[in-house]
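Asks: So that you have it, the file is start21.txt, and it contains compact mmCIF, C-alpha atoms:
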```
# COMPACT_ATOMS: atom_id res chain seq x y z
CA MET A 8 -49.55 -13.52 -39.88
CA ARG A 9 -47.51 -12.89 -36.75
CA LYS A 10 -44.53 -10.55 -36.81
CA ILE A 11 -41.06 -11.77 -35.92
CA PRO A 12 -39.99 -9.45 -33.09
CA TYR A 13 -36.24 -9.26 -33.60
CA GLY A 14 -34.59 -7.54 -30.63
CA GLU A 15 -37.86 -7.03 -28.71
CA ALA A 16 -37.21 -7.54 -25.00
CA ASN A 17 -40.54 -6.36 -23.56
CA PHE A 18 -42.73 -9.41 -22.96
CA ARG A 19 -45.94 -7.44 -22.50
CA LYS A 20 -45.48 -5.48 -25.73
CA LEU A 21 -44.52 -8.62 -27.62
CA ARG A 22 -47.67 -10.43 -26.49
CA LYS A 23 -50.08 -7.53 -26.92
CA GLU A 24 -48.91 -6.83 -30.47
CA ASN A 25 -49.44 -10.45 -31.56
CA ASN A 26 -45.79 -11.15 -32.25
CA LEU A 27 -44.37 -14.62 -32.71
CA TYR A 28 -43.37 -16.02 -29.34
CA ILE A 29 -41.62 -19.32 -28.71
CA ASP A 30 -43.11 -20.53 -25.46
CA LYS A 31 -40.41 -21.16 -22.86
CA THR A 32 -42.59 -20.47 -19.86
CA ARG A 33 -42.41 -24.06 -18.62
CA TYR A 34 -39.02 -23.06 -17.20
CA ILE A 35 -40.79 -20.76 -14.75
CA GLU A 36 -42.39 -23.89 -13.30
CA GLU A 37 -38.99 -25.60 -13.25
CA LEU A 38 -37.40 -22.72 -11.35
CA GLU A 39 -40.08 -22.95 -8.67
CA LYS A 40 -40.01 -26.75 -8.47
CA LYS A 41 -36.26 -26.67 -7.97
CA ASN A 42 -36.59 -23.77 -5.54
CA VAL A 43 -34.14 -21.57 -7.43
CA ASN A 44 -34.26 -18.48 -5.24
CA ARG A 45 -30.95 -17.09 -6.48
CA GLY A 46 -30.79 -17.50 -10.25
CA LEU A 47 -28.03 -16.56 -12.68
CA PHE A 48 -28.64 -16.86 -16.42
CA LEU A 49 -25.45 -16.83 -18.51
CA ARG A 50 -25.79 -16.70 -22.29
CA PRO A 51 -24.14 -14.80 -25.18
CA ARG A 52 -25.69 -11.66 -26.65
CA ARG A 53 -29.04 -12.02 -28.43
CA PHE A 54 -29.96 -15.22 -26.62
CA GLY A 55 -33.10 -13.75 -25.02
CA LYS A 56 -31.79 -12.92 -21.54
CA SER A 57 -33.58 -9.57 -21.32
CA LEU A 58 -36.81 -11.05 -22.67
CA TRP A 59 -36.62 -13.79 -20.05
CA ILE A 60 -36.18 -11.19 -17.31
CA SER A 61 -39.20 -9.35 -18.69
CA THR A 62 -41.21 -12.59 -18.77
CA LEU A 63 -40.43 -13.24 -15.11
CA TRP A 64 -41.34 -9.66 -14.26
CA HIS A 65 -44.77 -9.85 -15.87
CA TYR A 66 -45.47 -13.29 -14.43
CA TYR A 67 -44.55 -12.55 -10.82
CA ASP A 68 -45.47 -8.88 -10.49
CA GLU A 69 -48.68 -8.30 -8.53
CA TYR A 70 -49.12 -5.18 -10.65
CA TYR A 71 -49.99 -7.31 -13.72
CA LYS A 72 -52.39 -9.67 -11.96
CA GLU A 73 -55.41 -8.50 -13.95
CA GLU A 74 -53.57 -9.09 -17.24
CA PHE A 75 -52.53 -12.65 -16.47
CA GLU A 76 -54.96 -14.33 -18.86
CA GLU A 77 -54.18 -11.95 -21.70
CA LEU A 78 -50.42 -12.30 -21.34
CA PHE A 79 -50.10 -15.96 -20.36
CA GLY A 80 -53.44 -17.68 -20.91
CA ASP A 81 -52.47 -19.66 -24.02
CA LEU A 82 -48.93 -20.40 -22.85
CA TYR A 83 -47.74 -23.38 -20.82
CA ILE A 84 -47.49 -21.43 -17.58
CA GLY A 85 -50.92 -19.90 -18.11
CA GLN A 86 -52.40 -23.41 -18.21
CA HIS A 87 -50.16 -24.63 -15.37
CA PRO A 88 -49.84 -21.59 -13.06
CA THR A 89 -47.55 -21.88 -10.07
CA PRO A 90 -48.36 -20.88 -6.49
CA LEU A 91 -46.23 -17.72 -6.70
CA ARG A 92 -47.74 -16.14 -9.80
CA ASN A 93 -48.42 -12.38 -9.42
CA SER A 94 -47.43 -12.53 -5.77
CA TYR A 95 -44.43 -10.18 -5.60
CA LYS A 96 -43.50 -6.57 -5.81
CA ILE A 97 -40.63 -6.40 -8.29
CA LEU A 98 -37.44 -4.39 -7.89
CA PHE A 99 -36.01 -4.23 -11.40
CA MET A 100 -32.55 -2.86 -12.15
CA GLU A 101 -30.60 -2.84 -15.40
CA PHE A 102 -27.10 -1.58 -16.06
CA SER A 103 -26.88 -1.07 -19.81
CA GLY A 104 -25.85 2.25 -21.29
CA ILE A 105 -23.23 3.10 -18.66
CA GLU A 106 -20.34 4.95 -20.27
CA ILE A 107 -16.91 3.67 -19.27
CA ASP A 108 -14.78 6.76 -19.95
CA ASN A 109 -13.60 6.87 -16.35
CA ILE A 110 -14.44 5.21 -13.05
CA GLN A 111 -15.97 8.36 -11.57
CA ALA A 112 -18.44 8.59 -14.45
CA VAL A 113 -19.25 4.89 -14.16
CA ARG A 114 -19.86 5.25 -10.43
CA LYS A 115 -22.17 8.25 -10.93
CA ARG A 116 -24.24 6.53 -13.61
CA PHE A 117 -24.40 3.30 -11.60
CA ASN A 118 -25.69 5.25 -8.59
CA ARG A 119 -28.35 6.92 -10.72
CA LYS A 120 -29.50 3.62 -12.21
CA VAL A 121 -30.04 2.11 -8.76
CA LYS A 122 -31.75 5.20 -7.39
CA ASN A 123 -34.08 5.40 -10.40
CA ALA A 124 -35.06 1.76 -9.88
CA VAL A 125 -35.85 2.29 -6.20
CA GLU A 126 -37.81 5.48 -6.87
CA PHE A 127 -39.79 3.73 -9.61
CA PHE A 128 -40.61 0.94 -7.14
CA ILE A 129 -41.80 3.41 -4.49
CA GLN A 130 -44.04 5.20 -6.99
CA ARG A 131 -45.37 2.06 -8.65
CA TYR A 132 -46.43 0.37 -5.43
CA GLN A 133 -47.44 3.60 -3.69
CA VAL A 134 -45.08 3.08 -0.78
CA GLY A 135 -45.53 6.72 0.21
CA GLU A 136 -44.06 10.19 0.12
CA GLN A 137 -42.18 9.64 3.37
CA ALA A 138 -40.33 6.72 1.82
CA MET A 139 -39.45 8.82 -1.21
CA SER A 140 -38.09 11.62 0.98
CA ARG A 141 -35.84 9.13 2.79
CA ILE A 142 -34.34 8.12 -0.55
CA GLU A 143 -34.14 11.35 -2.51
CA ASN A 144 -31.22 12.90 -0.59
CA LEU A 145 -29.02 9.80 -0.87
CA ASP A 146 -26.51 9.49 -3.69
CA MET A 147 -24.58 6.25 -3.31
CA ALA A 148 -26.23 3.09 -4.64
CA GLU A 149 -25.41 1.06 -1.53
CA ASP A 150 -26.90 3.76 0.74
CA VAL A 151 -30.06 3.95 -1.36
CA LEU A 152 -30.45 0.18 -1.25
CA ASP A 153 -29.68 -0.03 2.45
CA GLU A 154 -32.36 2.57 3.24
CA PHE A 155 -34.76 0.77 0.92
CA LEU A 156 -34.28 -2.42 2.96
CA LYS A 157 -35.23 -0.54 6.12
CA ILE A 158 -38.34 0.89 4.47
CA MET A 159 -39.46 -2.46 3.05
CA ARG A 160 -38.37 -4.67 5.98
CA ASP A 161 -41.80 -6.33 6.26
CA GLU A 162 -42.14 -7.12 2.54
CA LYS A 163 -40.94 -9.99 0.35
CA ILE A 164 -39.57 -8.67 -2.93
CA TYR A 165 -38.39 -10.30 -6.14
CA VAL A 166 -35.19 -8.63 -7.44
CA LEU A 167 -34.55 -8.78 -11.18
CA ILE A 168 -31.24 -7.47 -12.55
CA ASP A 169 -30.55 -7.20 -16.28
CA GLU A 170 -27.17 -6.45 -17.89
CA TYR A 171 -25.58 -6.93 -14.46
CA ASP A 172 -22.07 -7.22 -15.91
CA HIS A 173 -22.43 -5.10 -19.06
CA PHE A 174 -20.33 -2.12 -18.02
CA ALA A 175 -17.90 -4.23 -15.99
CA ASN A 176 -17.05 -6.26 -19.09
CA GLY A 177 -16.42 -3.06 -20.99
CA ILE A 178 -14.04 -1.85 -18.30
CA LEU A 179 -12.31 -5.24 -18.19
CA ALA A 180 -11.59 -4.98 -21.91
CA GLU A 181 -9.88 -1.64 -21.32
CA SER A 182 -8.08 -2.07 -18.00
CA MET A 183 -7.72 -4.94 -15.54
CA ASP A 184 -6.69 -2.49 -12.80
CA SER A 185 -9.87 -0.43 -13.23
CA PHE A 186 -11.96 -3.57 -13.30
CA LEU A 187 -10.48 -4.79 -10.03
CA GLU A 188 -10.94 -1.36 -8.51
CA ILE A 189 -14.73 -1.49 -8.96
CA VAL A 190 -15.41 -5.20 -8.38
CA GLY A 191 -12.63 -6.07 -5.92
CA LYS A 192 -12.62 -5.62 -2.16
CA GLY A 193 -13.89 -2.14 -1.36
CA GLY A 194 -15.13 -1.57 -4.92
CA PHE A 195 -18.58 -0.07 -5.33
CA VAL A 196 -19.96 -2.95 -7.41
CA ARG A 197 -18.92 -5.48 -4.80
CA THR A 198 -20.35 -3.29 -2.03
CA PHE A 199 -23.64 -3.03 -3.91
CA TYR A 200 -23.98 -6.80 -4.24
CA GLU A 201 -23.08 -7.22 -0.58
CA VAL A 202 -26.16 -5.13 0.24
CA ILE A 203 -28.19 -7.35 -2.10
CA LYS A 204 -26.87 -10.32 -0.12
CA THR A 205 -27.90 -8.64 3.13
CA GLY A 206 -31.40 -8.12 1.74
CA ALA A 207 -31.60 -11.82 0.96
CA MET A 208 -30.38 -12.75 4.44
CA LEU A 209 -33.03 -10.47 6.00
CA GLY A 210 -35.72 -12.10 3.88
CA VAL A 211 -36.73 -8.84 2.19
CA PHE A 212 -35.26 -9.98 -1.12
CA ASP A 213 -37.05 -13.30 -1.24
CA ARG A 214 -35.98 -14.18 -4.78
CA ILE A 215 -33.21 -12.81 -7.01
CA PHE A 216 -32.60 -13.43 -10.69
```
How would this structure read if it were set down as structure tokens?
Replies:
Amino acid sequence: MRKIPYGEANFRKLRKENNLYIDKTRYIEELEKKNVNRGLFLRPRRFGKSLWISTLWHYYDEYYKEEFEELFGDLYIGQHPTPLRNSYKILFMEFSGIEIDNIQAVRKRFNRKVKNAVEFFIQRYQVGEQAMSRIENLDMAEDVLDEFLKIMRDEKIYVLIDEYDHFANGILAESMDSFLEIVGKGGFVRTFYEVIKTGAMLGVFDRIF
């Protein structure tokens, strides 16, 4: 009997532990057919957004190429693989768990989340010690990402962002002024996504979800 994995958002773990999985992988094919290079998935809590991000990660990441049959073989997309399967390096960022006591604390934690993601990428894909040294002395998320674009200028990367508005919604519930300060003109969240946009324009960030 298969277990019902309530709250499990790690696709690889879910599949390897023989959990019940409702196959929605045909939508991966739909995204490619419709050439959705900039995707935004809006759903309430507990609607499987994080699991979907994880599914995309394991499907497109070149790192999991050898596990493709084990993870996807009996699913729709495993029997109808698309041209882009396991063809990307993945830059994954998630913004849950950011305390909203004050804007300075939010900014610091946001910076750390982005830097951790970039450092994980550099280690995972063995980009090199020189690349890591160019990142390690930077603090601001936009500076880290901007330097990352210079390092990876000849690559095509898939960017996956989970809980992209989690902390912003929390701030909005407390103070409209604080919310506008971080997402409005000159705010650090807006600046961060402007760098993401630049990465897409340069072709480094080939796909974003």
Asks: Using all atoms listed in the file, find the one residue out of A:Glu188, A:Glu181, A:Asp169, A:Asp161 that sits nearest to A:Gly210.
Replies: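 Using all atoms listed in the file, A:Gly210 sits closest to A:Asp161.
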Asks: Could you give me, as a list in words, the residues within 9 Å of A:Gly177, counting all atoms listed in the file and dropping anything in the same chain fewer than 3 positions from it?
Replies: Glu106, Ile107, Asp172, His173, Phe174, Ala180, Glu181, Ser182 and Phe186 of chain A
Asks: Write the residues of the selection above to a file with C-alpha atoms, as a PDB file, in the frame of the given file.
Replies:
```
ATOM      1  CA  GLU A 106     -20.340   4.950 -20.270  1.00  0.00           C
ATOM      2  CA  ILE A 107     -16.910   3.670 -19.270  1.00  0.00           C
ATOM      3  CA  ASP A 172     -22.070  -7.220 -15.910  1.00  0.00           C
ATOM      4  CA  HIS A 173     -22.430  -5.100 -19.060  1.00  0.00           C
ATOM      5  CA  PHE A 174     -20.330  -2.120 -18.020  1.00  0.00           C
ATOM      6  CA  ALA A 180     -11.590  -4.980 -21.910  1.00  0.00           C
ATOM      7  CA  GLU A 181      -9.880  -1.640 -21.320  1.00  0.00           C
ATOM      8  CA  SER A 182      -8.080  -2.070 -18.000  1.00  0.00           C
ATOM      9  CA  PHE A 186     -11.960  -3.570 -13.300  1.00  0.00           C
TER      10      PHE A 186
END
```
Asks: Find the spatial neighbours of A:Asn118, counting only C-alpha atoms, within a cut-off of 8 Å - ignore same-chain residues fewer than 4 positions away - and output them as a list of chain:residue names.
Replies: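 The residues satisfying every condition are A:Arg114, A:Lys122, A:Asp146, A:Met147, A:Ala148.
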Asks: Just the number, please: distance in Å from atom CA of A:Phe75 to atom CA of A:Arg19, one decimal.
Replies: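 Atom-to-atom, atom CA of A:Phe75 to atom CA of A:Arg19, that is 10.3 Å.
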Asks: Which of these residues is nearest to A:Phe216, using only C-alpha atoms: A:Tyr132, A:Tyr70, A:Trp64, A:Phe127?
Replies: A:Trp64
